[in-house]
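Raw run-v9.pdb, PDB, C-alpha atoms:
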MODEL        1
ATOM      1  CA  MET A 165     144.463 -84.023 -85.302
ATOM      2  CA  ASN A 166     147.150 -85.998 -83.508
ATOM      3  CA  SER A 167     145.766 -88.084 -80.637
ATOM      4  CA  LYS A 168     148.502 -86.740 -78.344
ATOM      5  CA  THR A 169     147.622 -83.138 -79.108
ATOM      6  CA  THR A 170     144.913 -81.466 -77.104
ATOM      7  CA  PRO A 171     143.091 -78.425 -78.440
ATOM      8  CA  ARG A 172     144.030 -75.160 -76.794
ATOM      9  CA  THR A 173     141.479 -72.610 -75.793
ATOM     10  CA  PRO A 174     142.516 -69.022 -76.614
ATOM     11  CA  LYS A 175     142.656 -66.597 -73.733
ATOM     12  CA  LYS A 176     139.801 -64.137 -73.539
ATOM     13  CA  ALA A 177     140.637 -60.430 -73.678
ATOM     14  CA  THR A 178     138.529 -59.648 -70.647
ATOM     15  CA  GLN A 179     138.535 -61.553 -67.409
ATOM     16  CA  ALA A 180     136.121 -60.933 -64.576
ATOM     17  CA  PRO A 181     137.003 -61.377 -60.914
ATOM     18  CA  GLU A 182     138.029 -64.870 -59.948
ATOM     19  CA  THR A 183     138.017 -66.352 -56.499
ATOM     20  CA  THR A 184     141.012 -68.046 -54.969
ATOM     21  CA  PRO A 185     141.364 -69.770 -51.653
ATOM     22  CA  LYS A 186     143.265 -67.961 -48.938
ATOM     23  CA  THR A 187     145.283 -69.852 -46.382
ATOM     24  CA  ASN A 188     142.469 -69.614 -43.831
ATOM     25  CA  GLY A 189     140.007 -71.295 -46.186
ATOM     26  CA  LYS A 190     138.061 -68.153 -47.132
ATOM     27  CA  LYS A 191     137.729 -67.116 -50.734
ATOM     28  CA  VAL A 192     138.354 -63.569 -51.892
ATOM     29  CA  ALA A 193     137.711 -61.924 -55.233
ATOM     30  CA  LYS A 194     140.706 -61.146 -57.399
ATOM     31  CA  LYS A 195     140.751 -57.781 -59.088
ATOM     32  CA  PRO A 196     139.337 -57.980 -62.616
ATOM     33  CA  THR A 197     141.612 -57.227 -65.534
ATOM     34  CA  ILE A 198     140.730 -55.763 -68.885
ATOM     35  CA  GLY A 199     143.002 -57.129 -71.566
ATOM     36  CA  ALA A 200     146.576 -56.404 -70.548
ATOM     37  CA  GLN A 201     145.414 -53.622 -68.241
ATOM     38  CA  SER A 202     145.339 -54.529 -64.586
ATOM     39  CA  ALA A 203     142.854 -53.041 -62.181
ATOM     40  CA  THR A 204     145.642 -50.972 -60.628
ATOM     41  CA  SER A 205     146.960 -49.481 -63.892
ATOM     42  CA  PRO A 206     145.703 -46.218 -65.390
ATOM     43  CA  LYS A 207     142.007 -46.428 -66.239
ATOM     44  CA  VAL A 208     142.167 -44.561 -69.544
ATOM     45  CA  GLY A 209     141.923 -47.730 -71.651
ATOM     46  CA  LEU A 210     138.662 -49.123 -70.255
ATOM     47  CA  THR A 211     135.948 -48.773 -72.890
ATOM     48  CA  LEU A 212     132.224 -48.880 -72.336
ATOM     49  CA  ALA A 213     132.069 -52.197 -74.229
ATOM     50  CA  GLN A 214     134.733 -53.692 -71.945
ATOM     51  CA  LEU A 215     132.932 -52.437 -68.863
ATOM     52  CA  ALA A 216     129.649 -53.953 -70.030
ATOM     53  CA  GLU A 217     131.282 -57.293 -70.846
ATOM     54  CA  SER A 218     133.080 -57.462 -67.489
ATOM     55  CA  TYR A 219     129.994 -56.467 -65.522
ATOM     56  CA  LEU A 220     127.814 -59.055 -67.273
ATOM     57  CA  LYS A 221     130.411 -61.751 -66.629
ATOM     58  CA  HIS A 222     130.435 -60.703 -62.957
ATOM     59  CA  LEU A 223     126.647 -61.082 -62.820
ATOM     60  CA  GLU A 224     126.920 -64.613 -64.226
ATOM     61  CA  GLU A 225     129.611 -65.510 -61.705
ATOM     62  CA  ILE A 226     127.552 -64.370 -58.739
ATOM     63  CA  GLY A 227     124.652 -66.516 -59.904
ATOM     64  CA  LYS A 228     122.251 -64.112 -61.591
ATOM     65  CA  SER A 229     119.785 -65.874 -63.844
ATOM     66  CA  PRO A 230     120.377 -65.981 -67.605
ATOM     67  CA  ALA A 231     117.208 -63.885 -68.023
ATOM     68  CA  THR A 232     118.575 -61.168 -65.728
ATOM     69  CA  VAL A 233     121.954 -61.145 -67.454
ATOM     70  CA  PHE A 234     120.263 -60.925 -70.870
ATOM     71  CA  SER A 235     117.992 -58.115 -69.706
ATOM     72  CA  TYR A 236     120.935 -56.158 -68.307
ATOM     73  CA  LYS A 237     122.849 -56.767 -71.547
ATOM     74  CA  MET A 238     120.014 -55.185 -73.526
ATOM     75  CA  ASP A 239     119.907 -52.175 -71.190
ATOM     76  CA  LEU A 240     123.686 -51.710 -71.396
ATOM     77  CA  LYS A 241     123.418 -51.969 -75.193
ATOM     78  CA  ILE A 242     121.276 -48.836 -75.143
ATOM     79  CA  ALA A 243     124.090 -47.003 -73.339
ATOM     80  CA  ARG A 244     126.721 -48.475 -75.660
ATOM     81  CA  ASP A 245     124.747 -47.359 -78.712
ATOM     82  CA  HIS A 246     124.330 -43.872 -77.255
ATOM     83  CA  PHE A 247     127.944 -43.297 -76.179
ATOM     84  CA  GLY A 248     129.758 -45.683 -78.549
ATOM     85  CA  ASP A 249     131.429 -48.988 -77.717
ATOM     86  CA  GLU A 250     134.932 -47.557 -77.863
ATOM     87  CA  THR A 251     134.181 -44.580 -75.622
ATOM     88  CA  PRO A 252     136.591 -44.606 -72.689
ATOM     89  CA  VAL A 253     134.627 -44.775 -69.450
ATOM     90  CA  ILE A 254     136.958 -42.096 -68.085
ATOM     91  CA  ASP A 255     135.425 -39.699 -70.666
ATOM     92  CA  LEU A 256     131.931 -40.068 -69.195
ATOM     93  CA  THR A 257     130.888 -37.098 -67.079
ATOM     94  CA  PRO A 258     127.846 -36.587 -64.854
ATOM     95  CA  GLU A 259     126.520 -34.200 -67.515
ATOM     96  CA  LYS A 260     126.902 -36.767 -70.311
ATOM     97  CA  VAL A 261     125.248 -39.475 -68.210
ATOM     98  CA  ALA A 262     122.393 -37.105 -67.285
ATOM     99  CA  HIS A 263     121.907 -36.336 -70.988
ATOM    100  CA  PHE A 264     121.757 -40.082 -71.692
ATOM    101  CA  PHE A 265     119.252 -40.645 -68.867
ATOM    102  CA  ASP A 266     116.955 -38.039 -70.466
ATOM    103  CA  SER A 267     117.573 -39.114 -74.078
ATOM    104  CA  ASP A 268     114.950 -40.595 -76.402
ATOM    105  CA  ALA A 269     116.887 -43.889 -76.335
ATOM    106  CA  VAL A 270     116.023 -44.201 -72.642
ATOM    107  CA  THR A 271     112.611 -42.525 -72.531
ATOM    108  CA  LYS A 272     110.935 -43.481 -75.831
ATOM    109  CA  ARG A 273     110.161 -46.643 -77.744
ATOM    110  CA  LYS A 274     111.154 -47.027 -81.378
ATOM    111  CA  ASN A 275     107.651 -45.945 -82.443
ATOM    112  CA  GLY A 276     108.079 -42.659 -80.547
ATOM    113  CA  LYS A 277     105.683 -43.484 -77.728
ATOM    114  CA  PRO A 278     106.994 -43.062 -74.190
ATOM    115  CA  LYS A 279     108.453 -46.023 -72.340
ATOM    116  CA  THR A 280     106.957 -46.857 -68.972
ATOM    117  CA  GLU A 281     108.519 -45.302 -65.891
ATOM    118  CA  VAL A 282     109.521 -48.787 -64.713
ATOM    119  CA  THR A 283     111.442 -49.400 -67.955
ATOM    120  CA  ILE A 284     113.112 -45.984 -67.883
ATOM    121  CA  ASN A 285     114.205 -46.469 -64.278
ATOM    122  CA  LYS A 286     115.587 -49.935 -65.010
ATOM    123  CA  ILE A 287     117.732 -48.719 -67.925
ATOM    124  CA  ARG A 288     119.117 -45.951 -65.724
ATOM    125  CA  ARG A 289     119.647 -48.345 -62.807
ATOM    126  CA  VAL A 290     121.588 -50.898 -64.860
ATOM    127  CA  LEU A 291     124.103 -48.320 -66.097
ATOM    128  CA  ARG A 292     124.393 -46.913 -62.578
ATOM    129  CA  LEU A 293     125.001 -50.397 -61.126
ATOM    130  CA  ALA A 294     127.672 -51.159 -63.732
ATOM    131  CA  LEU A 295     129.474 -47.876 -63.022
ATOM    132  CA  VAL A 296     129.309 -48.354 -59.249
ATOM    133  CA  TRP A 297     130.604 -51.927 -59.651
ATOM    134  CA  ALA A 298     133.481 -50.618 -61.778
ATOM    135  CA  LYS A 299     134.396 -48.158 -59.018
ATOM    136  CA  GLU A 300     134.141 -50.819 -56.304
ATOM    137  CA  THR A 301     136.431 -53.132 -58.285
ATOM    138  CA  LYS A 302     138.825 -50.233 -58.965
ATOM    139  CA  LEU A 303     138.320 -50.272 -62.743
ATOM    140  CA  ILE A 304     137.489 -46.564 -62.524
ATOM    141  CA  ASP A 305     138.416 -43.895 -59.985
ATOM    142  CA  SER A 306     135.035 -42.166 -59.711
ATOM    143  CA  VAL A 307     131.435 -42.781 -60.678
ATOM    144  CA  PRO A 308     130.186 -40.245 -63.259
ATOM    145  CA  LEU A 309     126.606 -40.012 -62.063
ATOM    146  CA  PRO A 310     124.436 -36.893 -62.038
TER     147      PRO A 310
ENDMDL
END

Can I see the file as structure tokens?
Amino acid sequence: MNSKTTPRTPKKATQAPETTPKTNGKKVAKKPTIGAQSATSPKVGLTLAQLAESYLKHLEEIGKSPATVFSYKMDLKIARDHFGDETPVIDLTPEKVAHFFDSDAVTKRKNGKPKTEVTINKIRRVLRLALVWAKETKLIDSVPLP
């Protein structure tokens, strides 16, 4: 490598909210973008995988512990496996989310025994929090919760 050449870092496809200084010294969150899609463009392209990635990045940026982020990632993986990574979030309905909340993936362990109520509620809560965050950041127009 030439000593005058510096390595370039490729741009990531998904960017979470960034903060920028305003003229009065306060910082405000920029709207997150998903690939080439801005937060104000039509929401049809946002997939469940993109939502999960953006939400987890947001959690890191606001200072959640690595253990929390990892735990939430595992809970969102259950939803991604159930619905499919490429499922557009706009296609989720309250009925589909209710079906997921009651599914074996949420309520049972791999050996068929029931998960604890605490675990079930956490899996449901993490998806709910991600969807509400997406609405608050204008990535989606409405929250598809039962």

Exercise. For the atom pair CA of Asp305 (chain A) and CA of Val282 (chain A), what is the interatomic distance in Å to one decimal place?
Worked result: 29.7 Å

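Among the candidate residues A:Leu215, A:Gly248, A:Lys228, A:Asp266, the one lying nearest to Leu295 (chain A) is A:Leu215, with distances computed using all atoms listed in the file.
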
Seminar exercise, completed: Using all atoms listed in the file, the residue out of A:Leu210, A:Thr271, A:Leu223, A:Ile287 with shortest distance to Asp239 (chain A) is A:Ile287

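Between CA of Lys286 (chain A) and CA of Lys274 (chain A) there is a distance of 17.2 Å.
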
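In terms of minimum interatomic distance to Leu291 (chain A), A:Ala243 ranks closest within A:Ala262, A:Ala243, A:Ala213, A:Ile254, counting only C-alpha atoms.
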
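Separating CA of Val233 (chain A) from CA of Gly276 (chain A) is a distance of 26.6 Å.
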
For this session: Select, from A:Asn275, A:Thr301, A:Ile284, A:Val307, the residue with the minimum atom-to-atom distance to Thr257 (chain A), counting only C-alpha atoms.
Result: A:Val307

For this session: List the residues selected by the PyMOL selection byres ((chain A and resi 264) around 12) in the file shown, writing them as a PyMOL selection string.
Result: chain A and resi 240+242-248+256-263+265-271+284+287-288+291-292+308-310

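Minimum atom-to-atom distances from A:Arg289, A:Leu303, A:Ala216, A:Asp249 to Lys237 (chain A) were compared using all atoms listed in the file, and the lowest value belongs to A:Ala216.
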
For this session: Would you write out, as a count of residues only, every residue that the PyMOL selection byres ((chain A and resi 252) around 8) captures in this file?
Result: 11

Seminar exercise, completed: Of A:Ala298, A:Thr283, A:Val290, A:Pro230, the one sitting nearest Ser218 (chain A) when using all atoms listed in the file is A:Ala298
